[in-house]
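**Q** Would you mind keeping the following structure in view while I ask a few things?
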Protein chains: 2
Amino acid sequence: MGITSKDIAKICGVSRGTVDRALNNKPRIKPETKERILKTAKELGYRPDLLARSLVKGKTMSLGVVVFDVRNRYFAQLLNSIEITAKKKGYFVNITLQEKDPEMEIKLINSLVDRRVDGIILCPVNKGETFQKFLQGLPIPVMVVGNQIAPGIPFIGIDEYKAAGDALEMILSKGYKRIIFVCPPLADKEKENIYSHEKRLAGFLDTARKTNDIEHIVIDHWHYPSEIKKWVNKDNKKTAFFCSGDTFALETMKLLKGIGKKIPADVGIMGFDYIDTLKYVTPALTTIYNPVEEIGVKAVENLTNLIEGKQINRRLLVKHKIVAGASI
Amino acid sequence: MGITSKDIAKICGVSRGTVDRALNNKPRIKPETKERILKTAKELGYRPDLLARSLVKGKTMSLGVVVFDVRNRYFAQLLNSIEITAKKKGYFVNITLQEKDPEMEIKLINSLVDRRVDGIILCPVNKGETFQKFLQGLPIPVMVVGNQIAPGIPFIGIDEYKAAGDALEMILSKGYKRIIFVCPPLADKEKENIYSHEKRLAGFLDTARKTNDIEHIVIDHWHYPSEIKKWVNKDNKKTAFFCSGDTFALETMKLLKGIGKKIPADVGIMGFDYIDTLKYVTPALTTIYNPVEEIGVKAVENLTNLIEGKQINRRLLVKHKIVAGASI
DNA sequence: TTGAAAGCGCTAACAG
DNA sequence: CTGTTAGCGCTTTCAA
């Protein structure tokens, strides 16, 4: 196809070893020879074949990423942050989408390994011991983001439990007497890894239970709209919906507005994640900032450290914070 | 590192050629030998090194994609569609982000070529003859999406000119007398490829000019919010803002709501693209459906056809349509 | 039906 | 300073 180092060697009348020294700034080469080689390389438009280089080096300088879906705002922001950080460190990023299909996830990871990426960043949909063993058996390091798999596997995320607790306390401080935790992903508990939502639930429940005089309800299925309507029309108790994800909060808001409810006068809504879609929504949603950019940066840093054989903290928590809107 | 075909050959007491025949379903091998080889391969957890295979085959079965930014809804949807289609055809997708930096774009394309992707899907920020020559000089095919570069380069997109004209006609049919075309990207005309916006502008202008009794204005800079305010407070002429992108329309809507205007009673707004953020916005934005999923699918199909040496239509237009909302 | 040898394009090790 | 040789893991070709 293109020009190879062999061609350059022939044209310059030197060996391929010398060409390599010139092209890769290696010592033990006469300046004039080097210059001559670089010149002809440039003239011919030589470009090294990274595939061949990787084969001999045993490193591709690329990272694999496996996420659910790029249409999800959270992942979009995460990927952007990963790309930028990886680029800075000289790594290429290979993004793949598993669409919440556990088998697909395994396939993708295997494909990435076969393509010899140096490490993988994973937002897993799989869980359990088999999957853990699978990951640990891989010949390259894996960095898990969001849904923890097992203590041994390098993980980065926020303290979901505490974040949910903080959120609830904030809601309670506004005088709400009935708090409904809207968490449809709980319905997929059996077949998916929903670690983060489970932790949020636990944080919600533990905080709710130690508070007097409040009613707390959990909605754990995907036909939540009908249930929301039921609760909101039941009586005059001051009610708030705490949604385990901004998307659910936006759906809830849309629904409540649709049936003529004023927010927050009639009913409160709180979200989780602070996705950037919120920018165009009124009233502004009160939510929890999930520092996704920081997570992306740290995920790449940790992963490259692992690749280089360094030790890292196997469970890194980054700080969340409450974003005050006008919906609670 | 891992198990290689050599190891298997040694263990099974055969040559590497035979192992290859077994592993890749090639003929001229005794069934028993084949079975024995496959069995040990499985036991040892053999996985072929795709790098090595690509090196000898001269094909990587992967596609490069270069877009502005994955946080942009339009690209997010496009990428999803590309990933899914490519996967179906057995191709891997390498997504990279250029962040509207022309030099970065060139670098990324070169990197992808060096990594020997078989073809590239490109939403270009560069333009002009030099860039065209650069693309045509690449050793692999390129499929351009959105911003056309030159007639010779394979392109796919909608008929932006006609879409803008259709939109304006629809707006006029509602009795608006002053139409303001909001197109901030025009400000970057010199340094970026904004082909699609220029075509939209042309479609807008040509349609506006052949209509009597209406006033038409173009806003072609990024400090458009202040100008929007000015126009809307000027007099009582029935005014509509036609925004060359839903994001601008959402910003405009936010701004107008912020100063107490009712939409569409006081002022009309129309967007372009039908990004999925619109789902949560009230009133629903009237806009133009840019069939991004279809574009993704066709882009991959065309590119793989080019890779396989087939002929394709070098300028493929897909159909847009007007999405009726409640903002006009 | 199988083996042996060559080669993809590059880097690394050792000799000169 | 430079050349030679070997080899990364795979596929392909030709010969047996």
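Chain labels A, B, ... are given in the sequence in which chains occur in the structure tokens; within each chain residues are numbered consecutively from 1, and ligands are likewise numbered from 1 in the order shown.
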With a cut-off of 10 Å and counting only C-alpha atoms (C1' of nucleotides), select all residues of chain A in contact with chain D and give the selection as number ranges by chain.
**A** A: 14-18, 27-31, 33, 52-58
**Q** Enumerate as a ChimeraX atom specification the residues belonging to chain C that approach chain B to within 7 Å, with only C-alpha atoms (C1' of nucleotides) taken into account.
**A** /C:1-3,8
**Q** For those residues, write N, CA and C atoms (P, O5', C5', C4', C3', O3' and C1' of nucleotides) to a file as a PDB file, in the first residue's frame.
**A**
ATOM      1  P    DT C   1      -9.399 -34.795   3.581  1.00  0.00           P
ATOM      2  O5'  DT C   1      -8.033 -34.559   4.355  1.00  0.00           O
ATOM      3  C5'  DT C   1      -7.540 -35.540   5.222  1.00  0.00           C
ATOM      4  C4'  DT C   1      -6.090 -35.235   5.383  1.00  0.00           C
ATOM      5  C3'  DT C   1      -5.778 -34.084   6.338  1.00  0.00           C
ATOM      6  O3'  DT C   1      -5.187 -34.649   7.488  1.00  0.00           O
ATOM      7  C1'  DT C   1      -4.408 -34.020   4.381  1.00  0.00           C
ATOM      8  P    DT C   2      -4.702 -33.802   8.694  1.00  0.00           P
ATOM      9  O5'  DT C   2      -3.322 -33.265   8.141  1.00  0.00           O
ATOM     10  C5'  DT C   2      -2.140 -33.983   8.412  1.00  0.00           C
ATOM     11  C4'  DT C   2      -0.977 -33.267   7.794  1.00  0.00           C
ATOM     12  C3'  DT C   2      -0.446 -32.085   8.587  1.00  0.00           C
ATOM     13  O3'  DT C   2       0.640 -32.560   9.363  1.00  0.00           O
ATOM     14  C1'  DT C   2      -0.298 -31.792   6.222  1.00  0.00           C
ATOM     15  P    DG C   3       1.383 -31.552  10.306  1.00  0.00           P
ATOM     16  O5'  DG C   3       2.547 -31.057   9.328  1.00  0.00           O
ATOM     17  C5'  DG C   3       3.300 -32.025   8.616  1.00  0.00           C
ATOM     18  C4'  DG C   3       4.433 -31.340   7.881  1.00  0.00           C
ATOM     19  C3'  DG C   3       5.179 -30.272   8.678  1.00  0.00           C
ATOM     20  O3'  DG C   3       6.568 -30.421   8.410  1.00  0.00           O
ATOM     21  C1'  DG C   3       4.264 -29.296   6.714  1.00  0.00           C
ATOM     22  P    DC C   8       6.520  -8.467   2.875  1.00  0.00           P
ATOM     23  O5'  DC C   8       5.288  -7.750   3.564  1.00  0.00           O
ATOM     24  C5'  DC C   8       3.943  -8.103   3.275  1.00  0.00           C
ATOM     25  C4'  DC C   8       3.095  -7.738   4.473  1.00  0.00           C
ATOM     26  C3'  DC C   8       3.640  -6.553   5.253  1.00  0.00           C
ATOM     27  O3'  DC C   8       2.980  -5.369   4.808  1.00  0.00           O
ATOM     28  C1'  DC C   8       2.983  -8.382   6.714  1.00  0.00           C
TER      29       DC C   8
END
**Q** Between atom CA of Ile156 of chain A and atom CA of Val144 of chain A, what distance in Å does the model show, to one decimal?
**A** 6.4 Å
**Q** Write down as an mmCIF file with C-alpha atoms, in the first residue's frame the residues belonging to segment 35-224 of chain A that are assigned strand (DSSP E or B) by DSSP computed on the backbone.
**A**
data_model
loop_
_atom_site.group_PDB
_atom_site.id
_atom_site.type_symbol
_atom_site.label_atom_id
_atom_site.label_comp_id
_atom_site.auth_asym_id
_atom_site.auth_seq_id
_atom_site.Cartn_x
_atom_site.Cartn_y
_atom_site.Cartn_z
ATOM 1 C CA SER A 62 -5.323 2.719 23.093
ATOM 2 C CA LEU A 63 -8.043 2.364 25.708
ATOM 3 C CA GLY A 64 -11.333 0.564 25.289
ATOM 4 C CA VAL A 65 -14.512 2.026 26.719
ATOM 5 C CA VAL A 66 -17.748 0.137 27.178
ATOM 6 C CA VAL A 67 -20.907 2.052 28.072
ATOM 7 C CA PHE A 92 -6.488 6.535 21.669
ATOM 8 C CA VAL A 93 -10.003 5.724 22.798
ATOM 9 C CA ASN A 94 -12.143 2.958 21.399
ATOM 10 C CA ILE A 95 -15.746 3.561 22.392
ATOM 11 C CA THR A 96 -18.265 0.737 22.216
ATOM 12 C CA LEU A 97 -21.926 0.537 23.207
ATOM 13 C CA GLY A 119 -6.877 -1.230 29.251
ATOM 14 C CA ILE A 120 -10.636 -0.887 29.542
ATOM 15 C CA ILE A 121 -13.014 1.567 31.184
ATOM 16 C CA LEU A 122 -16.278 -0.147 31.906
ATOM 17 C CA VAL A 142 -10.125 -2.793 33.857
ATOM 18 C CA MET A 143 -11.437 0.321 35.559
ATOM 19 C CA VAL A 144 -15.080 0.195 36.586
ATOM 20 C CA VAL A 145 -17.178 3.360 36.642
ATOM 21 C CA PHE A 155 -13.717 1.352 40.896
ATOM 22 C CA ILE A 156 -14.482 5.027 40.714
ATOM 23 C CA GLY A 157 -17.711 6.831 41.492
ATOM 24 C CA ILE A 158 -19.543 8.933 44.032
ATOM 25 C CA ARG A 178 -44.576 12.327 51.940
ATOM 26 C CA ILE A 179 -41.506 11.421 49.940
ATOM 27 C CA ILE A 180 -41.761 9.100 46.993
ATOM 28 C CA PHE A 181 -38.560 7.574 45.736
ATOM 29 C CA VAL A 182 -38.930 6.978 41.997
ATOM 30 C CA GLU A 215 -44.374 8.808 54.939
ATOM 31 C CA HIS A 216 -41.993 7.224 52.474
ATOM 32 C CA ILE A 217 -42.802 5.184 49.405
ATOM 33 C CA VAL A 218 -40.646 3.475 46.811
ATOM 34 C CA ILE A 219 -41.682 3.070 43.189
#
**Q** Determine, counting only C-alpha atoms (C1' of nucleotides), which protein, DNA and RNA residues have an atom within 12 Å of an atom of Leu44 of chain A; residues of the same chain fewer than 3 positions away are not included. Present the result as a PyMOL selection string.
**A** chain A and resi 2-5+7-8+11-12+37-41+47-48
**Q** Enumerate as a ChimeraX atom specification the residues belonging to chain B that approach chain A to within 7 Å, with only C-alpha atoms taken into account.
**A** /B:47-52,55,70-71,76-77,80,94-95,114-115,250,254,277,280-281
**Q** Suppose you want the space between atom CA of Ala284 of chain B and atom CA of Gly325 of chain B; what is it in Å?
**A** 4.8 Å
**Q** What's the 9 Å shell around Lys321 of chain B, counting only C-alpha atoms (C1' of nucleotides), without same-chain residues fewer than 2 positions away, as a list in words?
**A** Ala163, Asp166, Thr287, Ile288, Tyr289, Asn290, Pro291, Lys319 and Val323 of chain B
**Q** Got a sec: who's within 8 Å of His221 of chain B, counting only C-alpha atoms (C1' of nucleotides), leaving out chain neighbours fewer than 6 positions off, as a list in words?
**A** Cys183, Pro184, Pro185, Leu186 and Ala187 of chain B
**Q** Would you mind exporting the chosen residues as a CSV table (one decimal), in the first residue's frame, restricted to C-alpha atoms?
**A**
chain,number,residue,atom,x,y,z
B,183,CYS,CA,-27.9,31.5,12.6
B,184,PRO,CA,-24.9,32.2,14.9
B,185,PRO,CA,-22.6,29.7,13.1
B,186,LEU,CA,-22.5,32.1,10.1
B,187,ALA,CA,-20.0,34.2,12.2
**Q** Might you pull out every residue within 6 Å of Val267 of chain A, with only C-alpha atoms (C1' of nucleotides) counted and same-chain residues fewer than 4 positions away left off, and present them as JSON, numbers by chain?
**A** {"A": [239, 240, 263]}
**Q** With C-alpha atoms kept, could you save the residues just selected as a CSV table (one decimal), in the first residue's frame?
**A**
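This is the output file selection35.csv:
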chain,number,residue,atom,x,y,z
A,239,THR,CA,-45.5,15.5,48.6
A,240,ALA,CA,-42.2,15.3,46.9
A,263,ILE,CA,-44.0,22.9,40.8
**Q** When you draw a straight line from atom CA of Met170 of chain B to atom CA of Met270 of chain B, how long is it in Å?
**A**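 Going from atom CA of Met170 of chain B over to atom CA of Met270 of chain B covers 10.0 Å.
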**Q** Using DSSP on the backbone coordinates, identify the residues of segment 85-121 of chain B assigned to alpha helix (DSSP H); present them as a PDB file with N, CA and C atoms, in the first residue's frame.
**A**
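Result file follows (part-v8.pdb):
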ATOM      1  N   THR B  85     -25.130  -0.052  13.197  1.00  0.00           N
ATOM      2  CA  THR B  85     -25.045  -0.541  11.823  1.00  0.00           C
ATOM      3  C   THR B  85     -23.687  -1.198  11.556  1.00  0.00           C
ATOM      4  N   ALA B  86     -22.640  -0.581  12.033  1.00  0.00           N
ATOM      5  CA  ALA B  86     -21.295  -1.115  11.804  1.00  0.00           C
ATOM      6  C   ALA B  86     -21.150  -2.485  12.467  1.00  0.00           C
ATOM      7  N   LYS B  87     -21.643  -2.577  13.677  1.00  0.00           N
ATOM      8  CA  LYS B  87     -21.584  -3.829  14.428  1.00  0.00           C
ATOM      9  C   LYS B  87     -22.229  -4.952  13.622  1.00  0.00           C
ATOM     10  N   LYS B  88     -23.385  -4.652  13.070  1.00  0.00           N
ATOM     11  CA  LYS B  88     -24.107  -5.643  12.269  1.00  0.00           C
ATOM     12  C   LYS B  88     -23.262  -6.152  11.113  1.00  0.00           C
ATOM     13  N   PRO B 102      -9.760  22.650  13.601  1.00  0.00           N
ATOM     14  CA  PRO B 102      -9.376  22.152  12.274  1.00  0.00           C
ATOM     15  C   PRO B 102      -8.064  21.356  12.279  1.00  0.00           C
ATOM     16  N   GLU B 103      -7.097  21.819  13.045  1.00  0.00           N
ATOM     17  CA  GLU B 103      -5.828  21.083  13.072  1.00  0.00           C
ATOM     18  C   GLU B 103      -6.002  19.730  13.731  1.00  0.00           C
ATOM     19  N   MET B 104      -6.771  19.741  14.811  1.00  0.00           N
ATOM     20  CA  MET B 104      -7.062  18.489  15.495  1.00  0.00           C
ATOM     21  C   MET B 104      -7.719  17.507  14.533  1.00  0.00           C
ATOM     22  N   GLU B 105      -8.590  18.012  13.715  1.00  0.00           N
ATOM     23  CA  GLU B 105      -9.287  17.143  12.774  1.00  0.00           C
ATOM     24  C   GLU B 105      -8.294  16.429  11.857  1.00  0.00           C
ATOM     25  N   ILE B 106      -7.362  17.180  11.328  1.00  0.00           N
ATOM     26  CA  ILE B 106      -6.351  16.585  10.446  1.00  0.00           C
ATOM     27  C   ILE B 106      -5.546  15.534  11.205  1.00  0.00           C
ATOM     28  N   LYS B 107      -5.153  15.901  12.405  1.00  0.00           N
ATOM     29  CA  LYS B 107      -4.373  14.957  13.223  1.00  0.00           C
ATOM     30  C   LYS B 107      -5.128  13.658  13.449  1.00  0.00           C
ATOM     31  N   LEU B 108      -6.411  13.806  13.796  1.00  0.00           N
ATOM     32  CA  LEU B 108      -7.207  12.619  14.085  1.00  0.00           C
ATOM     33  C   LEU B 108      -7.342  11.733  12.851  1.00  0.00           C
ATOM     34  N   ILE B 109      -7.582  12.356  11.720  1.00  0.00           N
ATOM     35  CA  ILE B 109      -7.714  11.562  10.495  1.00  0.00           C
ATOM     36  C   ILE B 109      -6.415  10.808  10.239  1.00  0.00           C
ATOM     37  N   ASN B 110      -5.305  11.509  10.405  1.00  0.00           N
ATOM     38  CA  ASN B 110      -4.026  10.841  10.206  1.00  0.00           C
ATOM     39  C   ASN B 110      -3.821   9.686  11.190  1.00  0.00           C
ATOM     40  N   SER B 111      -4.184   9.921  12.440  1.00  0.00           N
ATOM     41  CA  SER B 111      -4.050   8.855  13.435  1.00  0.00           C
ATOM     42  C   SER B 111      -4.863   7.640  13.039  1.00  0.00           C
ATOM     43  N   LEU B 112      -6.072   7.881  12.607  1.00  0.00           N
ATOM     44  CA  LEU B 112      -6.943   6.768  12.227  1.00  0.00           C
ATOM     45  C   LEU B 112      -6.337   6.014  11.044  1.00  0.00           C
ATOM     46  N   VAL B 113      -5.821   6.758  10.092  1.00  0.00           N
ATOM     47  CA  VAL B 113      -5.180   6.115   8.949  1.00  0.00           C
ATOM     48  C   VAL B 113      -3.983   5.284   9.423  1.00  0.00           C
ATOM     49  N   ASP B 114      -3.208   5.852  10.318  1.00  0.00           N
ATOM     50  CA  ASP B 114      -2.036   5.133  10.830  1.00  0.00           C
ATOM     51  C   ASP B 114      -2.432   3.865  11.576  1.00  0.00           C
TER      52      ASP B 114
END
**Q** Find the residues near segment 128-134 of chain B: any atom within 8 Å, counting only C-alpha atoms (C1' of nucleotides), skip ones fewer than 6 places away on the same chain, and give them as a PyMOL selection string.
**A** chain B and resi 149-150+153
